[in-house]
file upload_7.cif (mmCIF, C-alpha atoms)
data_start
loop_
_atom_site.label_atom_id
_atom_site.label_comp_id
_atom_site.auth_asym_id
_atom_site.auth_seq_id
_atom_site.Cartn_x
_atom_site.Cartn_y
_atom_site.Cartn_z
CA MET A 1 77.04 23.72 10.48
CA ARG A 2 75.36 20.45 11.38
CA ILE A 3 77.81 17.84 12.67
CA PHE A 4 77.41 14.11 13.30
CA SER A 5 77.57 13.00 16.91
CA SER A 6 77.67 9.64 18.64
CA TRP A 7 76.05 10.74 21.89
CA LEU A 8 73.16 8.69 23.19
CA ILE A 9 70.02 10.48 24.25
CA ILE A 10 67.76 8.69 26.72
CA LEU A 11 64.09 9.48 26.26
CA VAL A 12 61.89 9.75 29.33
CA VAL A 13 58.29 9.74 28.14
CA PRO A 14 55.21 10.49 30.24
CA ALA A 15 51.77 9.05 29.58
CA ILE A 16 49.98 10.21 26.44
CA ALA A 17 46.40 11.09 25.62
CA GLU A 18 44.21 10.32 22.62
CA GLU A 19 46.28 10.44 19.47
CA LEU A 20 46.04 12.67 16.44
CA LYS A 21 44.27 11.30 13.39
CA LEU A 22 46.09 10.51 10.15
CA VAL A 23 44.87 12.55 7.18
CA TYR A 24 47.33 11.83 4.35
CA GLN A 25 50.55 9.89 3.89
CA TRP A 26 53.13 9.52 1.13
CA ASN A 27 55.96 7.16 0.24
CA GLN A 28 57.32 9.92 -1.99
CA LEU A 29 55.79 12.99 -3.53
CA ALA A 30 54.81 12.87 -7.17
CA ALA A 31 55.08 15.77 -9.58
CA PRO A 32 52.19 18.23 -9.03
CA VAL A 33 49.07 17.71 -11.11
CA LEU A 34 47.21 20.34 -13.06
CA GLU A 35 43.98 21.90 -11.96
CA ALA A 36 41.60 22.62 -14.82
CA ASP A 37 42.36 26.34 -14.79
CA GLN A 38 46.13 26.08 -14.29
CA PRO A 39 48.75 26.76 -16.97
CA ALA A 40 51.24 24.07 -17.92
CA ILE A 41 53.10 22.56 -15.00
CA VAL A 42 56.80 23.36 -14.59
CA PHE A 43 57.95 19.83 -15.32
CA ASN A 44 57.04 16.23 -14.61
CA ASN A 45 58.48 12.78 -15.08
CA GLN A 46 58.14 12.82 -18.86
CA GLU A 47 59.05 16.31 -19.92
CA ALA A 48 60.96 19.40 -18.95
CA GLN A 49 59.45 22.71 -19.93
CA GLU A 50 60.83 26.09 -18.89
CA SER A 51 63.13 24.78 -16.15
CA ASN A 52 66.49 23.16 -16.85
CA GLU A 53 65.84 20.61 -14.10
CA THR A 54 64.16 17.22 -14.27
CA PHE A 55 61.80 15.96 -11.61
CA ASN A 56 63.56 14.39 -8.62
CA ALA A 57 61.05 12.58 -6.44
CA TYR A 58 63.53 11.89 -3.64
CA GLY A 59 64.47 15.57 -3.39
CA ASN A 60 60.88 16.61 -2.71
CA ILE A 61 60.43 16.60 1.07
CA PRO A 62 57.37 18.39 2.51
CA MET A 63 58.11 20.72 5.41
CA GLY A 64 55.13 22.89 6.40
CA VAL A 65 51.35 22.59 6.56
CA SER A 66 48.44 24.96 7.17
CA HIS A 67 44.70 24.66 6.59
CA TYR A 68 41.99 26.95 5.28
CA LYS A 69 38.39 25.89 4.61
CA GLY A 70 39.11 22.46 3.20
CA ARG A 71 42.41 23.31 1.54
CA LEU A 72 45.79 22.17 2.84
CA PHE A 73 48.86 24.21 1.95
CA ILE A 74 52.03 22.13 1.91
CA THR A 75 55.50 23.55 1.38
CA ILE A 76 58.48 21.85 -0.25
CA PRO A 77 61.60 24.00 0.20
CA ARG A 78 64.10 23.74 -2.62
CA ARG A 79 66.89 21.90 -0.81
CA ARG A 80 67.60 19.73 -3.86
CA PRO A 81 67.17 20.19 -7.63
CA GLY A 82 64.06 18.82 -9.31
CA ILE A 83 61.26 20.40 -7.27
CA PRO A 84 58.43 21.63 -9.54
CA ALA A 85 56.56 23.63 -6.88
CA THR A 86 57.69 24.90 -3.50
CA LEU A 87 54.16 25.92 -2.45
CA THR A 88 51.41 23.39 -3.09
CA VAL A 89 47.79 22.80 -2.17
CA ILE A 90 45.40 19.88 -1.72
CA ASN A 91 41.68 20.39 -2.14
CA MET A 92 40.49 17.95 0.52
CA GLU A 93 36.99 17.69 -0.91
CA LYS A 94 38.36 16.47 -4.23
CA VAL A 95 41.26 14.42 -2.84
CA GLN A 96 39.95 11.95 -0.29
CA GLN A 97 42.33 9.00 -0.61
CA ILE A 98 44.77 8.82 2.28
CA ASN A 99 47.72 7.30 0.43
CA ASN A 100 49.86 9.37 -1.92
CA PRO A 101 47.40 12.15 -2.78
CA SER A 102 48.32 14.51 -5.58
CA LEU A 103 49.51 18.07 -5.02
CA SER A 104 48.90 21.18 -7.13
CA GLY A 105 51.14 24.23 -7.38
CA TYR A 106 49.76 27.27 -5.55
CA PRO A 107 48.54 29.85 -6.38
CA GLU A 108 49.33 28.20 -9.72
CA ALA A 109 52.20 26.43 -11.44
CA LEU A 110 53.84 29.39 -13.15
CA THR A 111 54.46 31.26 -9.89
CA ASN A 112 56.46 28.23 -8.72
CA THR A 113 58.49 27.86 -11.94
CA LEU A 114 62.23 28.47 -11.96
CA HIS A 115 63.65 30.33 -14.95
CA LEU A 116 65.99 28.41 -17.19
CA ASP A 117 68.98 30.49 -16.06
CA TYR A 118 67.73 30.88 -12.45
CA ALA A 119 67.11 34.56 -13.08
CA ALA A 120 65.43 36.65 -10.41
CA ASP A 121 61.72 37.32 -10.90
CA PRO A 122 59.52 39.06 -8.29
CA LYS A 123 56.46 37.33 -9.72
CA ARG A 124 57.82 33.91 -8.77
CA ILE A 125 58.66 32.12 -5.55
CA ILE A 126 61.91 30.21 -5.10
CA SER A 127 61.70 28.35 -1.78
CA VAL A 128 59.17 28.32 1.06
CA TYR A 129 59.47 26.58 4.42
CA ARG A 130 56.25 27.28 6.32
CA THR A 131 53.01 29.20 5.89
CA LYS A 132 50.44 30.77 8.17
CA VAL A 133 46.74 31.44 7.61
CA ASP A 134 45.49 34.49 9.53
CA LYS A 135 42.06 35.46 10.84
CA CYS A 136 41.44 37.62 7.77
CA ASP A 137 41.48 34.89 5.10
CA ARG A 138 45.09 35.48 4.07
CA LEU A 139 48.07 33.18 3.56
CA TRP A 140 51.45 34.49 4.73
CA PHE A 141 54.86 33.03 3.93
CA VAL A 142 58.47 33.94 3.28
CA ASP A 143 60.09 33.13 -0.03
CA THR A 144 63.71 32.68 1.06
CA GLY A 145 64.84 33.34 -2.51
CA HIS A 146 67.53 30.71 -1.90
CA LEU A 147 68.30 27.40 -3.59
CA GLU A 148 69.95 25.10 -1.03
CA TYR A 149 71.43 22.74 -3.60
CA PRO A 150 74.47 21.04 -2.01
CA SER A 151 76.66 21.51 -5.07
CA ASN A 152 75.14 24.72 -6.39
CA ALA A 153 73.64 26.81 -3.57
CA ARG A 154 72.68 30.32 -4.61
CA GLN A 155 70.63 33.34 -3.59
CA VAL A 156 68.45 33.71 -6.67
CA GLN A 157 66.69 36.86 -5.44
CA ARG A 158 66.09 38.85 -2.30
CA PRO A 159 63.97 37.04 0.31
CA ALA A 160 60.43 38.36 0.34
CA LEU A 161 57.34 38.19 2.50
CA TRP A 162 54.20 37.29 0.56
CA VAL A 163 50.55 37.74 1.51
CA ILE A 164 47.83 36.08 -0.59
CA ASN A 165 44.08 36.68 -0.40
CA LEU A 166 42.63 33.18 0.01
CA LYS A 167 39.21 34.26 -1.21
CA THR A 168 40.62 35.25 -4.60
CA ASP A 169 43.96 33.37 -4.61
CA ARG A 170 45.66 36.61 -5.64
CA ARG A 171 48.74 38.18 -4.13
CA ILE A 172 47.97 41.34 -2.17
CA GLN A 173 51.47 42.07 -0.88
CA ARG A 174 55.08 41.22 -1.61
CA PHE A 175 57.62 42.87 0.65
CA GLU A 176 61.23 42.44 -0.38
CA ILE A 177 63.32 42.03 2.76
CA PRO A 178 66.24 44.47 2.62
CA ALA A 179 69.87 43.49 3.15
CA SER A 180 69.91 45.74 6.21
CA ILE A 181 67.64 43.16 7.87
CA VAL A 182 69.36 39.99 6.63
CA GLU A 183 71.80 39.25 3.84
CA PHE A 184 70.71 35.71 2.96
CA GLY A 185 67.26 34.17 3.22
CA TYR A 186 67.74 30.49 3.93
CA GLY A 187 67.42 30.70 7.73
CA MET A 188 63.86 32.02 7.78
CA ALA A 189 62.04 28.79 8.59
CA GLY A 190 59.14 30.08 10.73
CA ILE A 191 56.42 32.73 10.52
CA THR A 192 53.40 33.68 12.59
CA VAL A 193 50.85 36.48 12.25
CA ASP A 194 49.51 38.82 14.92
CA VAL A 195 46.19 40.37 13.88
CA GLU A 196 42.67 40.96 15.16
CA GLU A 197 39.67 39.99 13.05
CA ASP A 198 38.26 43.51 13.05
CA LYS A 199 41.62 45.19 12.30
CA CYS A 200 42.91 43.25 9.32
CA GLU A 201 45.11 46.05 7.99
CA ASP A 202 46.88 46.39 11.33
CA ALA A 203 48.64 43.06 11.01
CA TYR A 204 52.16 42.10 12.05
CA ALA A 205 54.24 39.14 10.96
CA TYR A 206 56.95 37.68 13.20
CA ILE A 207 59.63 35.84 11.25
CA SER A 208 62.18 33.71 13.08
CA ASP A 209 65.63 33.09 11.60
CA TYR A 210 67.51 30.08 12.96
CA GLN A 211 70.65 30.73 10.92
CA TRP A 212 71.18 34.45 11.63
CA GLN A 213 69.45 34.30 15.01
CA GLY A 214 67.19 37.27 14.52
CA LEU A 215 63.49 38.03 14.90
CA TYR A 216 62.08 40.13 12.06
CA VAL A 217 58.88 42.10 12.56
CA TYR A 218 56.81 43.30 9.61
CA SER A 219 54.01 45.85 9.79
CA LEU A 220 51.44 45.51 7.02
CA ALA A 221 50.05 48.98 7.61
CA ALA A 222 53.47 50.65 7.47
CA ASN A 223 54.85 48.18 4.89
CA LYS A 224 58.06 48.14 6.91
CA MET A 225 60.26 45.61 8.69
CA TRP A 226 62.64 45.82 11.65
CA ARG A 227 64.90 43.37 13.46
CA PHE A 228 65.36 42.30 17.07
CA ASN A 229 68.56 40.63 18.28
CA HIS A 230 68.90 38.88 21.62
CA ILE A 231 71.15 36.32 23.25
CA PHE A 232 68.05 34.18 23.89
CA PHE A 233 67.67 33.73 20.12
CA SER A 234 70.83 31.64 19.99
CA PHE A 235 71.16 27.88 20.38
CA GLU A 236 72.13 26.26 23.69
CA PRO A 237 75.36 24.25 23.31
CA GLN A 238 74.29 21.78 25.99
CA ASN A 239 71.12 21.08 24.00
CA GLY A 240 72.66 20.64 20.57
CA ARG A 241 72.54 16.84 20.67
CA PHE A 242 69.80 15.12 18.70
CA ILE A 243 68.87 11.53 17.96
CA VAL A 244 66.02 11.09 15.52
CA GLY A 245 65.13 7.99 13.55
CA GLY A 246 68.39 6.35 14.54
CA GLN A 247 70.46 9.33 13.39
CA ARG A 248 72.75 11.02 15.92
CA PHE A 249 73.91 14.54 15.13
CA ILE A 250 74.48 18.03 16.47
CA TRP A 251 72.56 21.06 15.26
CA ASN A 252 73.17 24.65 16.22
CA ASP A 253 69.87 26.09 14.97
CA GLY A 254 68.84 29.26 16.75
CA LEU A 255 65.46 31.02 16.85
CA PHE A 256 62.97 28.78 15.08
CA SER A 257 59.39 29.55 16.04
CA ALA A 258 57.13 32.29 17.39
CA ALA A 259 53.58 31.81 18.73
CA VAL A 260 51.11 34.55 19.62
CA GLY A 261 49.33 33.90 22.92
CA GLU A 262 46.27 35.07 24.79
CA LYS A 263 44.94 38.60 24.54
CA HIS A 264 44.92 40.49 27.84
CA SER A 265 41.36 41.49 28.68
CA THR A 266 42.32 44.99 29.84
CA THR A 267 45.36 46.07 27.85
CA GLY A 268 44.66 44.15 24.65
CA LYS A 269 48.30 43.08 24.54
CA ARG A 270 49.38 39.54 23.80
CA ILE A 271 52.31 37.44 24.93
CA VAL A 272 54.56 36.18 22.15
CA TYR A 273 56.35 32.90 22.86
CA LEU A 274 59.69 32.12 21.20
CA HIS A 275 62.27 29.36 21.15
CA ALA A 276 65.37 28.13 19.35
CA MET A 277 65.54 24.65 17.84
CA ALA A 278 68.76 23.52 19.59
CA SER A 279 67.26 24.42 22.94
CA THR A 280 64.70 23.31 25.50
CA SER A 281 64.01 26.86 26.72
CA GLU A 282 60.98 29.03 26.10
CA ILE A 283 61.18 32.81 25.83
CA ALA A 284 58.37 35.35 26.17
CA THR A 285 57.80 39.00 25.45
CA SER A 286 54.84 41.29 24.81
CA ASN A 287 53.64 42.01 21.31
CA SER A 288 53.75 45.67 22.30
CA VAL A 289 57.53 45.26 22.47
CA LEU A 290 57.77 43.68 19.05
CA LYS A 291 55.51 46.30 17.48
CA ASN A 292 57.69 49.12 18.79
CA GLU A 293 60.22 49.77 16.05
CA THR A 294 61.92 52.52 18.05
CA LEU A 295 63.25 49.91 20.45
CA THR A 296 65.51 48.65 17.67
CA TYR A 297 67.17 52.03 17.10
CA ALA A 298 70.82 52.48 17.98
CA GLY A 299 71.36 52.96 21.69
CA SER A 300 68.12 51.28 22.73
CA ASP A 301 68.29 48.51 25.34
CA TYR A 302 65.44 46.01 25.20
CA ASN A 303 67.27 42.96 26.64
CA GLU A 304 65.22 42.83 29.83
CA LEU A 305 61.97 42.96 27.85
CA PHE A 306 62.51 39.33 26.80
CA LEU A 307 61.86 36.87 29.64
CA HIS A 308 63.42 33.41 29.94
CA LEU A 309 60.49 31.29 31.16
CA GLY A 310 62.53 28.16 31.84
CA SER A 311 63.07 24.71 30.35
CA ARG A 312 60.35 22.49 28.91
CA GLY A 313 62.27 19.44 30.13
CA PRO A 314 64.81 16.95 28.73
CA ASN A 315 64.76 16.27 24.98
CA THR A 316 61.92 18.69 24.28
CA HIS A 317 63.68 20.31 21.33
CA SER A 318 60.93 21.84 19.24
CA ALA A 319 60.57 23.04 15.67
CA SER A 320 57.17 24.77 15.46
CA HIS A 321 54.73 25.67 18.17
CA ALA A 322 51.27 27.24 18.12
CA TYR A 323 48.78 28.63 20.63
CA ASP A 324 45.12 27.64 20.77
CA GLU A 325 42.87 30.44 22.00
CA GLN A 326 39.97 28.17 22.96
CA THR A 327 41.94 26.01 25.39
CA GLY A 328 44.77 28.39 26.31
CA VAL A 329 47.26 25.64 25.47
CA LEU A 330 50.56 25.97 23.64
CA PHE A 331 51.42 22.96 21.46
CA PHE A 332 54.95 21.95 20.42
CA THR A 333 56.41 19.67 17.76
CA GLU A 334 58.99 17.76 19.81
CA VAL A 335 61.38 16.54 17.16
CA ASN A 336 63.76 14.74 19.53
CA ARG A 337 61.06 12.41 20.82
CA ASN A 338 58.68 12.17 17.86
CA SER A 339 55.81 13.71 19.76
CA ILE A 340 53.46 16.66 20.14
CA GLY A 341 53.85 18.31 23.51
CA CYS A 342 51.60 20.74 25.34
CA TRP A 343 51.60 23.36 28.08
CA ASN A 344 48.52 25.01 29.57
CA THR A 345 49.45 28.67 29.87
CA ALA A 346 47.14 29.07 32.87
CA HIS A 347 49.75 27.24 34.94
CA ASP A 348 53.37 27.91 35.83
CA PHE A 349 55.93 27.22 33.17
CA SER A 350 57.83 24.14 34.32
CA ALA A 351 58.72 20.71 33.00
CA ASP A 352 56.18 19.20 35.42
CA ASN A 353 53.38 21.16 33.73
CA HIS A 354 54.25 19.95 30.23
CA GLY A 355 52.47 16.95 28.75
CA ILE A 356 52.32 14.88 25.59
CA VAL A 357 49.22 14.62 23.41
CA HIS A 358 50.68 12.28 20.78
CA LEU A 359 53.81 10.14 20.53
CA ASP A 360 54.72 7.71 17.76
CA ASN A 361 58.31 6.52 17.29
CA ILE A 362 57.43 4.76 14.04
CA ASN A 363 55.08 7.03 12.13
CA MET A 364 55.71 10.50 13.55
CA ILE A 365 59.46 10.69 13.08
CA TYR A 366 60.40 14.36 13.04
CA PRO A 367 57.18 16.42 13.26
CA SER A 368 58.39 19.48 11.38
CA ASP A 369 55.41 21.83 11.54
CA LEU A 370 52.26 22.45 13.57
CA THR A 371 49.56 25.03 12.92
CA ILE A 372 46.11 25.62 14.39
CA ASP A 373 43.43 26.80 12.01
CA ASN A 374 40.66 29.30 12.70
CA ASP A 375 38.34 26.51 13.88
CA GLY A 376 40.73 25.28 16.57
CA VAL A 377 41.92 22.24 14.61
CA MET A 378 45.58 21.35 14.94
CA TRP A 379 47.48 20.22 11.82
CA VAL A 380 50.86 18.48 11.99
CA ILE A 381 53.25 17.27 9.30
CA SER A 382 56.07 14.76 9.90
CA ASN A 383 58.77 14.01 7.32
CA ARG A 384 61.72 11.96 8.70
CA LEU A 385 64.03 14.82 7.78
CA PRO A 386 67.19 13.62 9.60
CA ILE A 387 67.02 10.24 7.86
CA TRP A 388 66.67 12.08 4.54
CA ILE A 389 69.70 14.25 5.36
CA TYR A 390 72.08 11.79 6.96
CA SER A 391 71.03 8.38 5.66
CA ARG A 392 68.46 7.20 3.12
CA LEU A 393 64.69 6.96 3.28
CA ASN A 394 63.10 3.64 2.39
CA GLU A 395 61.09 4.73 -0.62
CA THR A 396 58.57 1.92 -0.16
CA ASP A 397 57.68 3.06 3.38
CA PHE A 398 55.26 5.86 4.13
CA ASN A 399 57.70 8.64 4.99
CA PHE A 400 55.57 11.78 5.07
CA ARG A 401 52.34 12.18 7.02
CA ILE A 402 49.79 14.85 7.86
CA TRP A 403 47.77 14.58 11.06
CA ARG A 404 44.94 16.53 12.64
CA GLN A 405 42.94 16.78 15.85
CA THR A 406 40.96 19.50 17.59
CA ALA A 407 43.03 21.13 20.29
CA GLU A 408 40.28 20.48 22.81
CA LYS A 409 40.19 16.77 22.03
CA ALA A 410 43.97 16.44 21.91
CA ILE A 411 44.50 17.53 25.52
CA GLU A 412 41.80 15.30 27.05
CA GLY A 413 43.27 13.22 29.86
CA THR A 414 46.56 15.12 29.90
CA ILE A 415 47.98 17.56 32.40
CA CYS A 416 47.24 20.31 29.87
CA ALA A 417 43.48 19.85 30.39
CA ARG A 418 43.62 21.00 34.02
CA PRO A 419 41.49 24.10 34.68
CA ARG A 420 43.04 27.19 36.15
CA ALA A 421 43.59 26.71 39.88
#

call {"tool": "encode", "arguments": {"input": "upload_7.cif", "output": "structure tokens"}}
result
Amino acid sequence: MRIFSSWLIILVVPAIAEELKLVYQWNQLAAPVLEADQPAIVFNNQEAQESNETFNAYGNIPMGVSHYKGRLFITIPRRRPGIPATLTVINMEKVQQINNPSLSGYPEALTNTLHLDYAADPKRIISVYRTKVDKCDRLWFVDTGHLEYPSNARQVQRPALWVINLKTDRRIQRFEIPASIVEFGYGMAGITVDVEEDKCEDAYAYISDYQWQGLYVYSLAANKMWRFNHIFFSFEPQNGRFIVGGQRFIWNDGLFSAAVGEKHSTTGKRIVYLHAMASTSEIATSNSVLKNETLTYAGSDYNELFLHLGSRGPNTHSASHAYDEQTGVLFFTEVNRNSIGCWNTAHDFSADNHGIVHLDNINMIYPSDLTIDNDGVMWVISNRLPIWIYSRLNETDFNFRIWRQTAEKAIEGTICARPRA
């Protein structure tokens, strides 16, 4: 449960480097528009079609962003009624205006449509928080299957992992997550993919669950999922205090994000970095651990296989983080100080080795997601979420923004640009 708090958090901010560039911004999101080859949209301001809901602009708050060859995928989880599409796309070549660009349902409108009676339908997606594009031209995401309506919350259908071929825009996999893994889907806010370009079928997805504090591992080849539990996946009570956009509150969100790091030149293994939201700690393990389903069998003890690296420093609470292979830098959305942080993994993990590549207390309030595309470009979305939850957004302000910058350019002049000693 998220509780209001009156604690004051003092921000200590180091020097910053060149800022990220603004790509798009919105006052509020409009109902999705139709592409020429799309069927009728779910609903818009003038008419309701299959759904029994009417469009609610204020309820549409974008949460996640990822990029693939000129297309931006933007998620709008169904936390309020009146959301036509939970997974949307912008064709950047066609949509070049910065202010209030239109969104289209993806892969098309019908897949995003709620049934009149909220009936389950495996061909449709209910609510999506974040997406990930892999090295094999595929889009991965979790449909939580859950409507988070304050007065009418419900699990419409089992949560499911989707994989879409971005070359054809067709679904190639839907894995229904069994109740033995998790009963309800609404805590699965983060996903990352571990795959090599030349071994596309041997892919693994790592799904973090802040509510039920588990890490779920899915094997595409085996079409199977298993769960890791660990005390490090929980929140840290001493780090539950937040102040964002003038809102003071306490969150107890556990495991929130996973990032796949550098490939070892000899073993081929990779480090996987993890952290909770209500925390300033970073955790690490090997992907060989996560890929080993037998470790999750009864009687197995894998506690010592997860390493507590240390703290990132005061107020460095982070939602998403992502690793850039070209620079060896891990980037963090630092929601408690409206910034994007960085750590060069070639150096010791300590607060002194963490820097800031962008900070904006006016325009980047609550950076909720960060992804790095296959060209080394970092994409960030900010959405003023705590103001939306606890107060009221000014609907004439620009409240939602998408930013970008190459990882290499972003770290110039920061401590994260130091070469390996």

call {"tool": "atom_distance", "arguments": {"input": "upload_7.cif", "atom1": "atom CA of A:Ile250", "atom2": "atom CA of A:Phe400"}}
result
22.9 Å

call {"tool": "residues_around", "arguments": {"input": "upload_7.cif", "residues": "A:Gln97", "least_positions_apart": "2", "cutoff": "12 Å", "atoms": "all atoms listed in the file", "output": "list in words"}}
result
Leu22, Val23, Tyr24, Gln25, Trp26, Ile90, Asn91, Met92, Glu93, Lys94, Val95, Asn99, Asn100, Pro101 and Ser102 of chain A

call {"tool": "resolve_selection", "arguments": {"input": "upload_7.cif", "expression": "the PyMOL selection byres ((chain A and resi 103-106) around 7)", "output": "PyMOL selection string"}}
result
chain A and resi 32-35+85+87-90+101-102+107-109+112

call {"tool": "closest_atom_pairs", "arguments": {"input": "upload_7.cif", "of": "stretch 107-164 of chain A", "to": "stretch 359-383 of chain A", "cutoff": "10 Å", "atoms": "all atoms listed in the file", "output": "tab-separated table"}}
result
residue	atom	partner	partner_atom	distance
A:Tyr129	CA	A:Asp369	CA	9.5
A:Arg130	CA	A:Asp369	CA	7.6
A:Thr131	CA	A:Thr371	CA	8.9
A:Lys132	CA	A:Thr371	CA	7.5
A:Val133	CA	A:Asp373	CA	7.2
A:Asp134	CA	A:Asn374	CA	7.8
A:Lys135	CA	A:Asn374	CA	6.6
A:Cys136	CA	A:Asn374	CA	9.7
A:Asp137	CA	A:Asn374	CA	9.5

call {"tool": "closest_residue", "arguments": {"input": "upload_7.cif", "among": "A:Gln247, A:Thr54, A:Ser180, A:Thr333", "to": "A:Asn315", "atoms": "only C-alpha atoms"}}
result
A:Thr333

call {"tool": "decode", "arguments": {"input": "upload_7.cif", "residues": "stretch 276-308 of chain A", "atoms": "C-alpha atoms", "output": "PDB file, in the first residue's frame"}}
result
ATOM      1  CA  ALA A 276      13.783  -2.653  -6.123  1.00  0.00           C
ATOM      2  CA  MET A 277      12.030   0.693  -6.491  1.00  0.00           C
ATOM      3  CA  ALA A 278      11.892   1.590  -2.776  1.00  0.00           C
ATOM      4  CA  SER A 279      15.624   1.058  -2.498  1.00  0.00           C
ATOM      5  CA  THR A 280      18.967   2.572  -3.419  1.00  0.00           C
ATOM      6  CA  SER A 281      20.725  -0.803  -3.640  1.00  0.00           C
ATOM      7  CA  GLU A 282      21.860  -2.687  -6.715  1.00  0.00           C
ATOM      8  CA  ILE A 283      21.920  -6.480  -6.893  1.00  0.00           C
ATOM      9  CA  ALA A 284      23.825  -8.694  -9.335  1.00  0.00           C
ATOM     10  CA  THR A 285      23.844 -12.306 -10.399  1.00  0.00           C
ATOM     11  CA  SER A 286      24.942 -14.310 -13.432  1.00  0.00           C
ATOM     12  CA  ASN A 287      22.532 -15.110 -16.222  1.00  0.00           C
ATOM     13  CA  SER A 288      23.726 -18.695 -15.864  1.00  0.00           C
ATOM     14  CA  VAL A 289      22.017 -18.670 -12.462  1.00  0.00           C
ATOM     15  CA  LEU A 290      18.754 -17.329 -13.825  1.00  0.00           C
ATOM     16  CA  LYS A 291      18.741 -19.796 -16.723  1.00  0.00           C
ATOM     17  CA  ASN A 292      19.128 -22.741 -14.343  1.00  0.00           C
ATOM     18  CA  GLU A 293      15.592 -23.809 -13.523  1.00  0.00           C
ATOM     19  CA  THR A 294      16.806 -26.597 -11.230  1.00  0.00           C
ATOM     20  CA  LEU A 295      17.989 -23.992  -8.740  1.00  0.00           C
ATOM     21  CA  THR A 296      14.347 -23.143  -8.053  1.00  0.00           C
ATOM     22  CA  TYR A 297      13.407 -26.703  -7.089  1.00  0.00           C
ATOM     23  CA  ALA A 298      12.465 -27.468  -3.503  1.00  0.00           C
ATOM     24  CA  GLY A 299      15.485 -27.781  -1.263  1.00  0.00           C
ATOM     25  CA  SER A 300      17.777 -25.713  -3.471  1.00  0.00           C
ATOM     26  CA  ASP A 301      19.687 -22.829  -1.891  1.00  0.00           C
ATOM     27  CA  TYR A 302      20.673 -20.059  -4.285  1.00  0.00           C
ATOM     28  CA  ASN A 303      20.740 -17.131  -1.805  1.00  0.00           C
ATOM     29  CA  GLU A 304      24.489 -16.598  -2.037  1.00  0.00           C
ATOM     30  CA  LEU A 305      24.342 -16.512  -5.839  1.00  0.00           C
ATOM     31  CA  PHE A 306      22.795 -13.029  -5.655  1.00  0.00           C
ATOM     32  CA  LEU A 307      25.322 -10.346  -4.693  1.00  0.00           C
ATOM     33  CA  HIS A 308      24.485  -7.059  -2.985  1.00  0.00           C
TER      34      HIS A 308
END
